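Chemist: Pasting a structure here, questions to come.
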Amino acid sequence: MTDYFEIHERDSAARVGELRLADSVTTPALVDDVDTETPGDCRHVLDDAGSRWPTEQDAPDGDDSLLTVLPHRGLPAGTPDEVAEAFAVDYPDVSFPSAAVVSSDTATDHGSDAYVLAGAPGYVGHASAFVDAVSTVREAIPADTALYLPGVATPRNVATLVYAGVDLVDPDRAVVRGTEGRYLTTDEAYFLEDLDELPCACPACQQPRDEFDREDCVEHNVNALAAELRRVRRRIRDGRLRDYIEGQARQDNWLTATFRRLDQQYSYLEERTPLIRRADLSAASDDSLRRVEIQRFAERVTDRYVPRFDDRPLVLVPCSARKPYSDSQSHKQYHDAIKWRAHVVSMTSPIGVVPQELELTYPAQHYDSVVTGNWTATEIEFVSRVLERYLEGTDYPEIIAHIPGEGYRDICERVADSLGREFTYTVTDHPTTADSLGNLAAELEGWDRYPKREREHNTVRAVADYQFGAGAGDELFDDLSTQGRYPQLRADDADGEQLAALAQQYGVLSLTTAGARRWVESDVHTKTVEIEPFVPHGSVLAPGITDASDDIRVGDDVVIRGDAAFGVGRAQMSGPEMQSSTRGIAVQMRHVDEQ
Ligand SMILES: [Zn+2]
């Protein structure tokens with residue numbers, strides 16, 4: 001039971017939380033021992049009850065103004081498991097804020113509010129050992145507990161530590177480096193004597209260069225670390241820590257390696273990455289292609305999405321800077337030539353391919369990429385792979401590539417070759433020239449336009465497949481009548497009862513209880529939150545939950561079921577977090593039926 005820690009914001013594995021001491025601490029935070037007098041901007045709230053080695057001590061008397069690190073045994077690294085177990089400490093059940101010391105081998109739920117990773121400094125410089133240790137401990141302890149890495153943080157590495165899932169750090173390393181005459185910034189560790197001027201505006205740096213000594217350097221280092229943590233917290237609240245990490249982690253090779261290693265721990269990050277975000281995603285490098293949001297979209301388009309227009313030609317077009325694509329000048333021109341006679345799929349880096357029905361769906365209208373006109377080899381490889389997998393399951397009678405030269409053409413030729421299919425190229429010079437558009441229109445001669453109703457129905461079904469799983473479009477929306485004007489679509493059944501609405505901002509469906517009942521009755525796996533017998537209004541809190549599907553992600557529509565209520569809402573935590581948390585809002589309710 002966590003009494004003293006609660007998560008308020010999540011951004012992948014990073015969180016903004018609250019250590020609920022008498023005077024609460026916003027995490028990720030810089031904390032230090034209550035007895036030390038570290039200069040600079042730091043919270044003195046740790047009380048280390050000491051190592052039990054070699055003599056036994058009594059349980060400490062804690063109080064709610066401090067985070068008490070419970071007595072532990074410091075065993076040397078490499079101690080055999082059976083020895084470590086024999087000397088393991090039984091953590092007492094205490095009624096004050098407490099932290100238990102764990103290693104990646106022994107981490108388990110001790111009922112504490114925070115966990116200290118033993119031997120943490122040993123992981124600095126070792127990317128895979130660091131990522132393995134942090135993710136292993138994070139998975140072993142409840143989600144609503146803080147993870148503390150002592151002796152590791154610097155202004156340069158702390159953003160990456162937090163991105164990996166760390167909530168508490170201390171100034172030890174920054175202090176030691178300062179006493180050694182190292183002046184730390186977010187991008188460098190300067191030798192103090194090499195600095196002609198001080199590249200900082202913190203209080204410690206407000207003095208003549210020749211009076212600035214190592215003691216001031218310690219204070220500056222702590223200030224720089226605290227300032228970087230403020231920036232990181234802002235980034236988490238904005239849902240934009242990843243964009244920052246892609247640049248920041250480059251300041252040091254072990255951080256670059258750490259961040260790439262984390263991307264390889266896909267399931268660890270995927271579980272913690274929301275389905276939808278308010279913030280736009282900035283794709284500035286090949287690293288962006290490995291983001292969970294990008295990989296997830298590509299996976300769902302190739303595995304879940306069913307092309308319902310493949311009884312007619314496919315037109316591949318380039319993406320546009322303006323989103324949704326159909327609002328852009330170029331796409332309006334393509335549309336005037338196509339006139340609903342073909343299925344339109346946009347090719348884009350970093351998303352891959354975007355079928356017309358999913359142009360609103362996150363992140364298809366929420367990304368911003370650096371447009372140079374030149375594709376990198378990695379981008380060509382990625383988009384080719386997605387396009388090829390997309391086309392493998394389709395029966396289009398004709399594939400028309402209405403695309404410019406350079407990267408787009410390379411991709412199409414590569415995929416055409418690999419699949420042994422012929423592509424028709426309709427662009428001369430540029431896709432929006434009269435010649436090119438004339439070629440495109442001529443290629444579609446003889447095909448009828450499909451009706452608006454078919455377009456709208458297929459959009460609802462495509463989004464349902466994407467969001468709820470393969471088959472959901474047909475199972476939940478077999479008899480369907482759409483109301484409103486795209487993109488503000490409402491999905492009703494044949495009798496006029498509303499099943500869902502398309503949320504224009506994120507391109508996902510918001511179910512009604514009638515829609516949710518269809519989901520439950522279908523063969524499609526239903527993301528379900530089981531609750532105690534009460535009727536939730538507004539929100540469901542974690543303690544009221546008895547079980548939750550493992551695959552629930554933040555932003556998912558979920559069914560809420562209990563003896564007293566049936567409802568639908570949007571998840572604010574992942575399923576595993578709902579199962580292990582004792583605090584916090586788990587689901588924002590949309591509709592509820594008492595029963
Ligand atoms: Zn400074």
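Naming scheme: A, B, ... for chains in displayed order of the structure tokens; residues 1 onward per chain; ligands 1 onward as shown.
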Could you pull the residues within 12 Å of Cys217 of chain A, counting only C-alpha atoms, minus those fewer than 4 positions along the same chain, as a CSV table (one decimal) with N, CA and C atoms, in the first residue's frame?

Modeler:
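New file part.csv:
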```
chain,number,residue,atom,x,y,z
A,39,PRO,N,25.2,22.9,-0.7
A,39,PRO,CA,24.7,24.2,-1.2
A,39,PRO,C,23.9,24.0,-2.5
A,40,GLY,N,23.1,25.0,-2.8
A,40,GLY,CA,22.3,24.9,-4.0
A,40,GLY,C,20.9,24.5,-3.8
A,174,ALA,N,27.3,15.3,-8.7
A,174,ALA,CA,27.5,16.7,-9.1
A,174,ALA,C,28.4,17.4,-8.0
A,175,VAL,N,28.2,17.0,-6.8
A,175,VAL,CA,29.1,17.6,-5.7
A,175,VAL,C,30.5,17.1,-5.8
A,176,VAL,N,30.7,15.8,-6.0
A,176,VAL,CA,32.0,15.3,-6.1
A,176,VAL,C,32.8,15.9,-7.3
A,177,ARG,N,32.1,15.9,-8.4
A,177,ARG,CA,32.7,16.5,-9.6
A,177,ARG,C,33.1,18.0,-9.4
A,178,GLY,N,32.3,18.7,-8.7
A,178,GLY,CA,32.6,20.1,-8.4
A,178,GLY,C,33.8,20.2,-7.5
A,179,THR,N,34.0,19.3,-6.5
A,179,THR,CA,35.2,19.4,-5.7
A,179,THR,C,36.4,19.0,-6.5
A,180,GLU,N,36.2,18.2,-7.5
A,180,GLU,CA,37.3,17.9,-8.4
A,180,GLU,C,37.7,19.0,-9.4
A,181,GLY,N,36.9,20.1,-9.4
A,181,GLY,CA,37.1,21.2,-10.3
A,181,GLY,C,36.4,21.0,-11.7
A,182,ARG,N,35.4,20.2,-11.7
A,182,ARG,CA,34.6,20.0,-12.9
A,182,ARG,C,33.4,20.8,-12.9
A,183,TYR,N,33.2,21.6,-13.9
A,183,TYR,CA,32.0,22.5,-14.0
A,183,TYR,C,31.0,21.9,-15.0
A,184,LEU,N,29.9,21.5,-14.4
A,184,LEU,CA,29.0,20.6,-15.2
A,184,LEU,C,27.8,21.5,-15.9
A,185,THR,N,27.6,21.2,-17.1
A,185,THR,CA,26.4,21.8,-17.8
A,185,THR,C,25.6,20.7,-18.5
A,189,ALA,N,31.3,18.6,-19.3
A,189,ALA,CA,31.9,18.6,-18.0
A,189,ALA,C,33.2,19.3,-18.2
A,190,TYR,N,33.2,20.7,-18.0
A,190,TYR,CA,34.4,21.4,-18.3
A,190,TYR,C,35.4,21.3,-17.1
A,191,PHE,N,36.7,21.4,-17.4
A,191,PHE,CA,37.7,21.7,-16.4
A,191,PHE,C,37.5,23.2,-16.0
A,192,LEU,N,37.3,23.4,-14.7
A,192,LEU,CA,37.1,24.8,-14.3
A,192,LEU,C,38.2,25.8,-14.8
A,193,GLU,N,39.4,25.3,-14.8
A,193,GLU,CA,40.5,26.2,-15.2
A,193,GLU,C,40.5,26.5,-16.7
A,195,LEU,N,37.8,27.5,-18.2
A,195,LEU,CA,36.7,28.4,-18.5
A,195,LEU,C,37.1,29.8,-18.4
A,198,LEU,N,32.0,32.1,-17.2
A,198,LEU,CA,31.1,31.1,-16.7
A,198,LEU,C,29.8,31.1,-17.5
A,200,CYS,N,26.7,30.4,-17.4
A,200,CYS,CA,25.5,30.1,-16.6
A,200,CYS,C,25.1,31.4,-15.9
A,202,CYS,N,23.1,31.1,-12.9
A,202,CYS,CA,22.6,30.7,-11.5
A,202,CYS,C,23.3,31.6,-10.5
A,203,PRO,N,22.8,31.7,-9.2
A,203,PRO,CA,23.3,32.6,-8.2
A,203,PRO,C,24.8,32.4,-8.0
A,204,ALA,N,25.3,31.1,-8.0
A,204,ALA,CA,26.7,30.8,-7.7
A,204,ALA,C,27.6,31.4,-8.8
A,205,CYS,N,27.1,31.6,-10.0
A,205,CYS,CA,27.9,32.1,-11.1
A,205,CYS,C,27.9,33.6,-11.2
A,206,GLN,N,27.2,34.3,-10.3
A,206,GLN,CA,27.1,35.7,-10.3
A,206,GLN,C,28.3,36.3,-9.6
A,207,GLN,N,29.5,36.1,-10.0
A,207,GLN,CA,30.6,36.7,-9.4
A,207,GLN,C,31.8,36.7,-10.4
A,209,ARG,N,35.0,35.9,-12.5
A,209,ARG,CA,35.5,34.6,-12.8
A,209,ARG,C,36.7,34.2,-11.9
A,211,GLU,N,37.2,35.0,-8.8
A,211,GLU,CA,36.9,34.7,-7.5
A,211,GLU,C,36.1,33.4,-7.3
A,212,PHE,N,35.7,32.8,-8.5
A,212,PHE,CA,34.9,31.6,-8.5
A,212,PHE,C,35.8,30.4,-8.2
A,213,ASP,N,35.5,29.7,-7.1
A,213,ASP,CA,36.4,28.6,-6.7
A,213,ASP,C,35.6,27.2,-6.7
A,221,ASN,N,27.0,23.3,-9.8
A,221,ASN,CA,26.7,22.0,-10.3
A,221,ASN,C,25.3,21.5,-9.8
A,222,VAL,N,25.1,21.8,-8.5
A,222,VAL,CA,23.8,21.4,-7.9
A,222,VAL,C,22.7,22.2,-8.5
A,223,ASN,N,22.9,23.5,-8.7
A,223,ASN,CA,21.9,24.4,-9.3
A,223,ASN,C,21.6,24.0,-10.7
A,224,ALA,N,22.6,23.6,-11.5
A,224,ALA,CA,22.4,23.2,-12.9
A,224,ALA,C,21.6,21.9,-13.0
```

Chemist: Hey, what's within 8 Å of segment 109-111 of chain A if we count only C-alpha atoms and toss same-chain stuff fewer than 5 positions away? As an NGL selection string, please?

Modeler: :A and (1-2 or 91 or 93 or 100 or 140-142)

Chemist: One number please: atom CA of Val152 of chain A to atom CA of Ala22 of chain A, in Å, one decimal.

Modeler: 26.8 Å

Chemist: One number please: atom CA of Leu149 of chain A to atom CA of Pro543 of chain A, in Å, one decimal.

Modeler: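 Spanning atom CA of Leu149 of chain A to atom CA of Pro543 of chain A is a straight-line distance of 27.9 Å.
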
Chemist: Using Å and a single decimal, report how far atom CA of Thr459 of chain A sits from atom CA of Asp523 of chain A.

Modeler: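 Separation between atom CA of Asp523 of chain A and atom CA of Thr459 of chain A: 20.8 Å.
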
Chemist: Skip Phe534 of chain A itself and residues of its chain fewer than 3 positions away, then list as a list of chain:residue names all residues within 8 Å of it, counting only C-alpha atoms.

Modeler: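 The filter keeps A:Ile531, A:Gly562, A:Asp563, A:Ala564, A:Ala565.
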
Chemist: Check the smallest atom-to-atom distance from each of A:Ala107, A:Leu229, A:Leu502, A:Ala491 to Val463 of chain A using only C-alpha atoms, then report the winner.

Modeler: A:Leu502

Chemist: Nearest residue to ligand 1 out of A:Thr186, A:Asn253, A:Ser574, A:Ser346, using only C-alpha atoms and all ligand atoms?

Modeler: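 Among the listed residues, A:Thr186 lies closest to ligand 1.
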
Chemist: DSSP on the backbone, then: every residue of segment 170-408 of chain A marked helix (DSSP H, G or I), written as a ChimeraX atom specification.

Modeler: /A:172-179,192-194,203-205,209-211,214-237,241-251,253-264,266-272,286-290,292-303,325-327,329-338,356-358,377-392,407-408

Chemist: I need the residue nearest ligand 1 from this list: A:Asp238, A:Leu225, A:Ile7, A:Gly151. Use only C-alpha atoms and all ligand atoms for the distance.

Modeler: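 Using only C-alpha atoms and all ligand atoms, ligand 1 sits closest to A:Leu225.
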
Chemist: Kindly indicate which residue among A:Asp216, A:Glu6, A:Asp35, A:Glu139 lies nearest to ligand 1, using only C-alpha atoms and all ligand atoms for the distances.

Modeler: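 Residue with the minimum atom-to-atom distance to ligand 1: A:Asp216.
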
Chemist: Do a neighbour search on segment 153-170 of chain A at 6 Å with only C-alpha atoms, toss out local chain neighbours closer than 3 positions, and write the hits as a list of chain:residue names.

Modeler: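 Within the cut-off, the hits are A:Ala13, A:Ala14, A:Thr27, A:Pro28, A:Ala29, A:Leu30, A:Val31, A:Asp32, A:Ala146, A:Leu147, A:Tyr148, A:Leu149, A:Pro150, A:Ala174, A:Thr185, A:Thr186, A:Asp187, A:Ala224, A:Leu225, A:Glu228.
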
Chemist: When DSSP works through the backbone of this structure, what residues of segment 22-151 of chain A end up as strand (DSSP E), shown as a PyMOL selection string?

Modeler: chain A and resi 25-27+29-33+43-48+67-69+98-102+114-117+146-149

Chemist: So which one's closest to ligand 1, A:Ala49, A:Pro121, A:Val218, A:Leu21? Using only C-alpha atoms and all ligand atoms, please.

Modeler: A:Val218

Chemist: Check the smallest atom-to-atom distance from each of A:His220, A:Arg312, A:Lys339, A:Arg553 to ligand 1 using only C-alpha atoms and all ligand atoms, then report the winner.

Modeler: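 Between A:His220, A:Arg312, A:Lys339, A:Arg553, the residue approaching ligand 1 most closely is A:His220.
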
Chemist: Could you list, as a PyMOL selection string, every residue within 10 Å of segment 286-303 of chain A, counting only C-alpha atoms and ignoring same-chain residues fewer than 4 positions away?

Modeler: chain A and resi 12+242-243+246-247+259-260+263-264+266-267+269-277+281-282+307+349-355+358+361-364+367+369+376-379+382-383+385-393+462+465-467+469-470
